[in-house]
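Structure file final.cif; described as mmCIF, C-alpha atoms, pLDDT in the B column; chains and numbers go by the auth columns.
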data_protein
#
loop_
_atom_site.group_PDB
_atom_site.id
_atom_site.type_symbol
_atom_site.label_atom_id
_atom_site.label_comp_id
_atom_site.label_asym_id
_atom_site.label_seq_id
_atom_site.Cartn_x
_atom_site.Cartn_y
_atom_site.Cartn_z
_atom_site.B_iso_or_equiv
_atom_site.auth_seq_id
_atom_site.auth_asym_id
ATOM 1 C CA MET A 1 28.807 58.433 42.753 44.00 20 F
ATOM 2 C CA HIS A 2 28.225 55.345 40.771 45.00 21 F
ATOM 3 C CA GLY A 3 29.363 55.380 37.187 43.00 22 F
ATOM 4 C CA PRO A 4 27.991 53.027 34.576 41.00 23 F
ATOM 5 C CA SER A 5 29.287 49.522 34.969 39.00 24 F
ATOM 6 C CA SER A 6 30.694 47.449 32.171 39.00 25 F
ATOM 7 C CA PRO A 7 28.677 44.568 30.736 38.00 26 F
ATOM 8 C CA ALA A 8 30.892 42.084 32.528 38.00 27 F
ATOM 9 C CA ALA A 9 30.284 43.825 35.798 42.00 28 F
ATOM 10 C CA SER A 10 26.549 44.365 35.532 42.00 29 F
ATOM 11 C CA VAL A 11 24.236 42.106 37.377 46.00 30 F
ATOM 12 C CA GLY A 12 21.328 40.676 35.484 42.00 31 F
ATOM 13 C CA PRO A 13 17.845 40.223 36.967 39.00 32 F
ATOM 14 C CA MET A 14 17.425 37.275 39.220 40.00 33 F
ATOM 15 C CA SER A 15 14.418 35.389 40.250 37.00 34 F
ATOM 16 C CA PHE A 16 14.087 34.902 43.899 37.00 35 F
ATOM 17 C CA PRO A 17 11.791 32.047 44.079 37.00 36 F
ATOM 18 C CA THR A 18 13.485 32.283 41.490 37.00 37 F
ATOM 19 C CA ILE A 19 14.953 34.536 44.216 36.00 38 F
ATOM 20 C CA THR A 20 14.408 32.335 47.139 36.00 39 F
ATOM 21 C CA ALA A 21 16.122 29.977 44.912 37.00 40 F
ATOM 22 C CA GLY A 22 19.662 30.859 45.895 39.00 41 F
ATOM 23 C CA LEU A 23 22.089 32.462 43.523 39.00 42 F
ATOM 24 C CA ARG A 24 24.964 30.401 42.322 40.00 43 F
ATOM 25 C CA LEU A 25 28.149 32.287 42.680 35.00 44 F
ATOM 26 C CA ALA A 26 29.591 30.653 39.602 33.00 45 F
ATOM 27 C CA ALA A 27 26.451 31.318 37.599 35.00 46 F
ATOM 28 C CA PHE A 28 25.990 34.819 38.922 34.00 47 F
ATOM 29 C CA VAL A 29 27.965 37.321 36.977 34.00 48 F
ATOM 30 C CA ALA A 30 31.535 37.564 35.860 33.00 49 F
ATOM 31 C CA VAL A 31 32.272 38.500 39.452 33.00 50 F
ATOM 32 C CA PRO A 32 30.762 36.497 42.337 37.00 51 F
ATOM 33 C CA VAL A 33 27.799 38.638 43.052 36.00 52 F
ATOM 34 C CA LEU A 34 25.828 38.652 46.246 34.00 53 F
ATOM 35 C CA ALA A 35 24.477 35.254 46.254 35.00 54 F
ATOM 36 C CA LEU A 36 25.331 31.821 45.280 34.00 55 F
ATOM 37 C CA THR A 37 22.629 29.592 44.082 34.00 56 F
ATOM 38 C CA VAL A 38 21.042 26.671 45.600 33.00 57 F
ATOM 39 C CA ALA A 39 18.202 26.090 47.864 33.00 58 F
ATOM 40 C CA CYS A 40 16.563 23.900 50.305 33.00 59 F
ATOM 41 C CA GLY A 41 13.339 22.671 49.077 35.00 60 F
ATOM 42 C CA GLY A 42 9.819 21.297 49.264 36.00 61 F
ATOM 43 C CA ASP A 43 8.641 18.075 47.707 38.00 62 F
ATOM 44 C CA ASP A 44 9.338 16.929 44.171 39.00 63 F
ATOM 45 C CA THR A 45 6.751 19.319 42.845 36.00 64 F
ATOM 46 C CA THR A 46 7.655 22.204 45.086 36.00 65 F
ATOM 47 C CA GLY A 47 10.738 24.124 45.922 36.00 66 F
ATOM 48 C CA THR A 48 13.610 25.790 44.187 36.00 67 F
ATOM 49 C CA ARG A 49 16.621 27.676 45.332 37.00 68 F
ATOM 50 C CA SER A 50 17.299 30.190 48.022 37.00 69 F
ATOM 51 C CA HIS A 51 19.499 33.143 48.757 36.00 70 F
ATOM 52 C CA ASP A 52 20.629 36.016 50.204 37.00 71 F
ATOM 53 C CA ALA A 53 21.314 40.094 52.134 36.00 72 F
ATOM 54 C CA VAL A 54 23.749 42.664 53.301 36.00 73 F
ATOM 55 C CA ALA A 55 24.599 45.041 56.042 37.00 74 F
ATOM 56 C CA ASP A 56 23.928 48.189 57.851 38.00 75 F
ATOM 57 C CA ALA A 57 26.396 50.980 58.235 38.00 76 F
ATOM 58 C CA PRO A 58 28.120 50.822 61.605 38.00 77 F
ATOM 59 C CA SER A 59 27.777 53.960 63.613 37.00 78 F
ATOM 60 C CA PRO A 60 30.305 55.668 65.837 35.00 79 F
ATOM 61 C CA LYS A 61 30.682 54.127 69.274 34.00 80 F
ATOM 62 C CA THR A 62 28.983 57.150 70.778 37.00 81 F
ATOM 63 C CA GLU A 63 25.973 56.765 68.524 39.00 82 F
ATOM 64 C CA PRO A 64 23.004 54.895 70.025 40.00 83 F
ATOM 65 C CA SER A 65 22.029 51.566 68.602 40.00 84 F
ATOM 66 C CA GLY A 66 19.156 49.171 69.162 40.00 85 F
ATOM 67 C CA PRO A 67 15.787 50.547 70.340 37.00 86 F
ATOM 68 C CA GLU A 68 17.248 53.994 71.019 39.00 87 F
ATOM 69 C CA ALA A 69 18.629 54.403 67.551 39.00 88 F
ATOM 70 C CA ALA A 70 16.585 56.282 64.986 37.00 89 F
ATOM 71 C CA PRO A 71 15.168 54.317 62.034 40.00 90 F
ATOM 72 C CA GLY A 72 17.903 53.636 59.507 46.00 91 F
ATOM 73 C CA THR A 73 20.662 54.430 61.975 43.00 92 F
ATOM 74 C CA PRO A 74 23.657 52.124 61.381 48.00 93 F
ATOM 75 C CA SER A 75 24.323 49.457 63.964 51.00 94 F
ATOM 76 C CA ALA A 76 27.271 49.691 66.322 51.00 95 F
ATOM 77 C CA LYS A 77 30.485 48.600 64.670 52.00 96 F
ATOM 78 C CA PRO A 78 31.653 45.221 65.995 51.00 97 F
ATOM 79 C CA ALA A 79 35.062 44.891 67.605 47.00 98 F
ATOM 80 C CA GLY A 80 37.766 43.504 65.358 48.00 99 F
ATOM 81 C CA LYS A 81 35.762 44.103 62.217 63.00 100 F
ATOM 82 C CA SER A 82 37.367 43.018 58.979 87.00 101 F
ATOM 83 C CA ALA A 83 37.860 44.690 55.623 93.00 102 F
ATOM 84 C CA TYR A 84 35.216 42.292 54.344 95.00 103 F
ATOM 85 C CA TYR A 85 32.731 43.492 56.939 95.00 104 F
ATOM 86 C CA ASP A 86 33.488 47.123 56.070 95.00 105 F
ATOM 87 C CA ALA A 87 32.986 46.421 52.386 96.00 106 F
ATOM 88 C CA GLN A 88 29.668 44.703 53.041 96.00 107 F
ATOM 89 C CA VAL A 89 28.574 47.659 55.164 96.00 108 F
ATOM 90 C CA ALA A 90 29.343 49.989 52.247 97.00 109 F
ATOM 91 C CA PHE A 91 27.303 47.736 49.971 98.00 110 F
ATOM 92 C CA VAL A 92 24.362 47.726 52.358 97.00 111 F
ATOM 93 C CA GLN A 93 24.535 51.495 52.745 97.00 112 F
ATOM 94 C CA CYS A 94 24.277 51.791 48.963 98.00 113 F
ATOM 95 C CA MET A 95 21.388 49.337 48.808 97.00 114 F
ATOM 96 C CA ARG A 96 19.513 51.368 51.394 97.00 115 F
ATOM 97 C CA ALA A 97 20.332 54.840 50.128 97.00 116 F
ATOM 98 C CA GLU A 98 20.331 54.305 46.367 96.00 117 F
ATOM 99 C CA GLY A 99 19.356 50.723 45.601 96.00 118 F
ATOM 100 C CA GLY A 100 15.721 50.953 46.644 95.00 119 F
ATOM 101 C CA TYR A 101 15.876 48.671 49.706 97.00 120 F
ATOM 102 C CA LYS A 102 15.729 50.777 52.847 96.00 121 F
ATOM 103 C CA ASP A 103 15.167 47.630 54.899 96.00 122 F
ATOM 104 C CA PHE A 104 18.178 45.747 53.521 97.00 123 F
ATOM 105 C CA PRO A 105 19.581 43.806 56.513 96.00 124 F
ATOM 106 C CA ASP A 106 22.882 44.207 58.306 96.00 125 F
ATOM 107 C CA PRO A 107 25.614 41.713 57.508 94.00 126 F
ATOM 108 C CA LYS A 108 26.557 39.174 60.136 92.00 127 F
ATOM 109 C CA LEU A 109 29.600 39.974 62.271 90.00 128 F
ATOM 110 C CA SER A 110 31.517 37.580 60.020 89.00 129 F
ATOM 111 C CA GLY A 111 30.776 39.910 57.116 93.00 130 F
ATOM 112 C CA HIS A 112 28.566 37.394 55.323 93.00 131 F
ATOM 113 C CA LEU A 113 25.095 38.448 54.334 93.00 132 F
ATOM 114 C CA ASP A 114 22.050 37.180 56.169 91.00 133 F
ATOM 115 C CA TRP A 115 20.474 35.390 53.239 86.00 134 F
ATOM 116 C CA GLU A 116 17.401 34.356 55.157 84.00 135 F
ATOM 117 C CA LYS A 117 16.445 37.996 55.637 91.00 136 F
ATOM 118 C CA VAL A 118 17.457 38.903 52.105 92.00 137 F
ATOM 119 C CA ASN A 119 15.242 36.141 50.782 83.00 138 F
ATOM 120 C CA GLU A 120 12.322 37.408 52.799 87.00 139 F
ATOM 121 C CA ILE A 121 12.695 40.852 51.257 93.00 140 F
ATOM 122 C CA GLY A 122 13.241 39.588 47.720 89.00 141 F
ATOM 123 C CA SER A 123 10.255 37.266 47.883 84.00 142 F
ATOM 124 C CA GLN A 124 7.856 40.126 48.562 90.00 143 F
ATOM 125 C CA PRO A 125 5.683 41.143 45.583 90.00 144 F
ATOM 126 C CA GLY A 126 7.526 43.503 43.257 89.00 145 F
ATOM 127 C CA ARG A 127 10.773 43.411 45.265 91.00 146 F
ATOM 128 C CA ASN A 128 12.734 40.763 43.422 87.00 147 F
ATOM 129 C CA GLU A 129 14.196 42.971 40.713 88.00 148 F
ATOM 130 C CA GLY A 130 17.199 44.816 42.053 91.00 149 F
ATOM 131 C CA ILE A 131 17.711 42.674 45.153 92.00 150 F
ATOM 132 C CA LYS A 132 21.096 41.565 43.822 90.00 151 F
ATOM 133 C CA ALA A 133 22.773 44.910 43.281 94.00 152 F
ATOM 134 C CA GLY A 134 20.128 47.591 43.632 95.00 153 F
ATOM 135 C CA LYS A 135 17.850 49.286 41.151 94.00 154 F
ATOM 136 C CA ASP A 136 19.576 49.514 37.758 95.00 155 F
ATOM 137 C CA ASN A 137 22.604 47.769 39.332 95.00 156 F
ATOM 138 C CA VAL A 138 23.505 51.032 41.060 97.00 157 F
ATOM 139 C CA CYS A 139 25.392 49.169 43.807 97.00 158 F
ATOM 140 C CA VAL A 140 27.300 46.730 41.624 96.00 159 F
ATOM 141 C CA ASP A 141 30.634 48.458 42.331 97.00 160 F
ATOM 142 C CA GLU A 142 30.174 48.084 46.075 97.00 161 F
ATOM 143 C CA LEU A 143 29.047 44.496 45.611 95.00 162 F
ATOM 144 C CA GLN A 144 32.108 43.579 43.593 95.00 163 F
ATOM 145 C CA ALA A 145 34.379 45.389 46.047 96.00 164 F
ATOM 146 C CA ALA A 146 32.965 43.262 48.873 95.00 165 F
ATOM 147 C CA MET A 147 33.370 40.034 46.926 92.00 166 F
ATOM 148 C CA ALA A 148 36.960 40.952 46.117 93.00 167 F
ATOM 149 C CA VAL A 149 37.934 40.978 49.803 93.00 168 F
ATOM 150 C CA GLU A 150 35.841 38.017 50.953 92.00 169 F
ATOM 151 C CA PRO A 151 38.024 35.714 53.060 90.00 170 F
ATOM 152 C CA LYS A 152 39.276 32.692 51.169 90.00 171 F
ATOM 153 C CA ARG A 153 37.303 29.557 51.901 90.00 172 F
ATOM 154 C CA ASP A 154 38.473 26.008 52.387 95.00 173 F
ATOM 155 C CA GLN A 155 36.848 24.603 49.268 96.00 174 F
ATOM 156 C CA GLN A 156 36.954 21.012 50.484 97.00 175 F
ATOM 157 C CA LYS A 157 35.104 21.935 53.679 96.00 176 F
ATOM 158 C CA SER A 158 32.616 23.978 51.669 96.00 177 F
ATOM 159 C CA TYR A 159 32.016 21.018 49.385 98.00 178 F
ATOM 160 C CA GLU A 160 31.505 18.647 52.320 98.00 179 F
ATOM 161 C CA SER A 161 29.099 21.082 53.966 97.00 180 F
ATOM 162 C CA MET A 162 26.994 21.499 50.821 97.00 181 F
ATOM 163 C CA LEU A 163 27.063 17.751 50.179 98.00 182 F
ATOM 164 C CA ALA A 164 25.666 17.061 53.661 98.00 183 F
ATOM 165 C CA HIS A 165 23.039 19.736 53.056 98.00 184 F
ATOM 166 C CA ALA A 166 22.004 18.266 49.699 98.00 185 F
ATOM 167 C CA GLN A 167 21.649 14.812 51.235 98.00 186 F
ATOM 168 C CA CYS A 168 19.568 16.284 54.046 98.00 187 F
ATOM 169 C CA MET A 169 17.293 18.004 51.546 97.00 188 F
ATOM 170 C CA ARG A 170 16.671 14.728 49.735 98.00 189 F
ATOM 171 C CA ASP A 171 16.070 12.945 53.035 98.00 190 F
ATOM 172 C CA ASN A 172 13.447 15.577 53.819 98.00 191 F
ATOM 173 C CA GLY A 173 11.407 15.157 50.657 97.00 192 F
ATOM 174 C CA ILE A 174 13.301 17.139 48.025 96.00 193 F
ATOM 175 C CA SER A 175 14.320 14.045 46.102 95.00 194 F
ATOM 176 C CA ARG A 176 15.728 15.818 43.045 95.00 195 F
ATOM 177 C CA PHE A 177 17.955 18.236 44.957 97.00 196 F
ATOM 178 C CA THR A 178 21.364 17.825 43.328 97.00 197 F
ATOM 179 C CA ASN A 179 24.784 17.430 44.940 98.00 198 F
ATOM 180 C CA PRO A 180 27.519 20.077 44.739 97.00 199 F
ATOM 181 C CA VAL A 181 30.551 19.294 42.581 97.00 200 F
ATOM 182 C CA MET A 182 34.233 20.185 42.689 97.00 201 F
ATOM 183 C CA SER A 183 35.373 22.024 39.563 95.00 202 F
ATOM 184 C CA GLY A 184 38.824 23.464 39.112 94.00 203 F
ATOM 185 C CA GLY A 185 39.445 23.207 42.836 93.00 204 F
ATOM 186 C CA ASN A 186 36.274 25.118 43.694 93.00 205 F
ATOM 187 C CA ALA A 187 33.068 23.864 45.258 95.00 206 F
ATOM 188 C CA VAL A 188 30.110 24.535 42.971 94.00 207 F
ATOM 189 C CA PRO A 189 26.705 24.435 44.732 94.00 208 F
ATOM 190 C CA GLY A 190 24.017 21.925 43.947 95.00 209 F
ATOM 191 C CA GLY A 191 20.287 22.527 44.294 93.00 210 F
ATOM 192 C CA ASP A 192 17.520 22.759 41.756 92.00 211 F
ATOM 193 C CA PRO A 193 18.291 20.462 38.814 92.00 212 F
ATOM 194 C CA ASN A 194 16.996 23.050 36.352 89.00 213 F
ATOM 195 C CA PRO A 195 17.695 26.637 37.562 82.00 214 F
ATOM 196 C CA ALA A 196 16.426 28.132 34.300 82.00 215 F
ATOM 197 C CA SER A 197 13.033 26.531 34.878 87.00 216 F
ATOM 198 C CA PRO A 198 12.897 25.719 38.624 86.00 217 F
ATOM 199 C CA VAL A 199 11.571 22.342 39.637 90.00 218 F
ATOM 200 C CA TYR A 200 10.812 23.385 43.202 88.00 219 F
ATOM 201 C CA ASP A 201 8.602 26.077 44.665 88.00 220 F
ATOM 202 C CA PRO A 202 10.513 27.771 47.517 82.00 221 F
ATOM 203 C CA ASP A 203 7.276 29.104 48.956 82.00 222 F
ATOM 204 C CA SER A 204 5.733 25.680 49.412 90.00 223 F
ATOM 205 C CA PRO A 205 5.343 24.394 52.992 94.00 224 F
ATOM 206 C CA ALA A 206 7.295 21.221 52.153 95.00 225 F
ATOM 207 C CA TYR A 207 10.219 23.181 50.754 93.00 226 F
ATOM 208 C CA LYS A 208 10.330 25.538 53.725 90.00 227 F
ATOM 209 C CA GLU A 209 10.209 22.635 56.171 96.00 228 F
ATOM 210 C CA ALA A 210 13.104 20.887 54.456 96.00 229 F
ATOM 211 C CA ARG A 211 15.117 24.093 54.332 92.00 230 F
ATOM 212 C CA ALA A 212 14.589 24.696 58.042 92.00 231 F
ATOM 213 C CA ALA A 213 15.529 21.101 58.869 96.00 232 F
ATOM 214 C CA CYS A 214 18.768 21.284 56.868 96.00 233 F
ATOM 215 C CA LYS A 215 19.864 24.837 57.637 91.00 234 F
ATOM 216 C CA SER A 216 22.465 23.754 60.181 93.00 235 F
ATOM 217 C CA LYS A 217 24.299 21.655 57.592 96.00 236 F
ATOM 218 C CA LEU A 218 25.656 24.734 55.807 94.00 237 F
ATOM 219 C CA LEU A 219 28.692 26.641 57.038 93.00 238 F
ATOM 220 C CA ASP A 220 28.386 30.365 57.674 89.00 239 F
ATOM 221 C CA GLY A 221 28.214 32.213 54.386 87.00 240 F
ATOM 222 C CA LEU A 222 27.056 29.176 52.402 90.00 241 F
ATOM 223 C CA ASP A 223 23.405 29.584 53.330 83.00 242 F
ATOM 224 C CA GLY A 224 22.819 31.705 50.246 77.00 243 F
ATOM 225 C CA MET A 225 24.528 29.253 47.923 81.00 244 F
ATOM 226 C CA GLN A 226 22.254 26.236 47.874 84.00 245 F
#
Structure encoded using structure tokens:
Amino acid sequence: MHGPSSPAASVGPMSFPTITAGLRLAAFVAVPVLALTVACGGDDTTGTRSHDAVADAPSPKTEPSGPEAAPGTPSAKPAGKSAYYDAQVAFVQCMRAEGGYKDFPDPKLSGHLDWEKVNEIGSQPGRNEGIKAGKDNVCVDELQAAMAVEPKRDQQKSYESMLAHAQCMRDNGISRFTNPVMSGGNAVPGGDPNPASPVYDPDSPAYKEARAACKSKLLDGLDGMQ
């Protein structure tokens, strides 16, 4: 059961293209919610930020997976799974069963969400609201539980990765894409210079091309941050 969450724990509505715009962990909620913000973009008049999704419940080893598995059947549990992966699976189960997103994607084996797939879902008409923590924030407890056990990152490496990505975005036509910054020992994503009123259209061809060209610059798990 999911009890009411406190104001500090609730997740406010997010805009994917506005959603595809990437949620900034620091700007998310009191607790780092699903996605960090930042995006790869289009040209100066197109683009914005991009984000990201969660996992499927792993099924017993004897349970079929892949083409033989029934629709909605959890994927096979990976060997050596972590507490983070388990927590993300619980979050995804909630998103599918109660959050209103039956097609919410599995997490990667690393436990990180597949933001590219999450963005695709959230960018569909009428599917942006609730993509962060489910309808009426019903899965916020599971989301926060997953974030609480996320493996600690090397903030310097994260910063360097996002910096290379930001430079790549500018080199590919998104001239106003901002650099990440280090604040209090943490790497804070860059991206759209005005998240409240996005400068870039994430659905524009130019933005998508730049994002695809720069995708490899981001470390695993950072793809939903900027």
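For the pair atom CA of F:His184 and atom CA of F:Cys233, the interatomic distance is 5.9 Å.
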Counting all atoms listed in the file, which residue out of F:Glu161, F:Asp190, F:Asp105, F:Asp173 sits closest to F:His131? F:Asp105
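We find atom CA of F:Leu128 and atom CA of F:Gly204 to be spaced 27.5 Å apart.
Near F:Ala116, within 10 Å and counting all atoms listed in the file, sit Gly91, Phe110, Val111, Lys121, Phe123, Gly153 and Cys158 of chain F, not including residues fewer than 5 positions from it in the same chain.
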Find the residues near F:Gly118: any atom within 6 Å, counting all atoms listed in the file, skip ones fewer than 2 places away on the same chain, and give them as an mmCIF file with C-alpha atoms, in the frame of the given file.
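Result saved to out_16.cif:
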data_model
loop_
_atom_site.group_PDB
_atom_site.id
_atom_site.type_symbol
_atom_site.label_atom_id
_atom_site.label_comp_id
_atom_site.auth_asym_id
_atom_site.auth_seq_id
_atom_site.Cartn_x
_atom_site.Cartn_y
_atom_site.Cartn_z
ATOM 1 C CA MET F 114 21.388 49.337 48.808
ATOM 2 C CA ARG F 115 19.513 51.368 51.394
ATOM 3 C CA TYR F 120 15.876 48.671 49.706
ATOM 4 C CA GLY F 153 20.128 47.591 43.632
ATOM 5 C CA LYS F 154 17.850 49.286 41.151
#
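Between atom CA of F:Gln245 and atom CA of F:Glu117 the interatomic distance comes to 28.2 Å.
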Taking all atoms listed in the file into account, name the residue in F:Ala106, F:Ala164, F:Leu241, F:Met181 that is nearest to F:Gly209. F:Met181
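Shortest atom-to-atom contact with F:Gln175 among F:Ser202, F:Asn156, F:Thr197, F:Asn191: F:Ser202, counting only C-alpha atoms.
Take the candidates F:Met188, F:Glu169, F:Val207, F:Arg195 and check each one against F:Lys236 using only C-alpha atoms; the shortest distance goes to F:Met188.
Distance annotation: of F:Ala165, F:Val159, F:Ala102, F:Ala185, the residue with the minimal separation from F:Leu132 is F:Ala165; atom set is only C-alpha atoms.
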May I ask which of the residues F:Val108, F:Ser223, F:Val200, F:Ser194 is the closest one to F:Gly130, counting only C-alpha atoms? F:Val108
Is it possible to get the residues within 7 Å of (17.6, 30.7, 57.3) (coordinates as in the file, counting all atoms listed in the file) written as a VMD selection string? chain F and resid 134 to 135 231 234
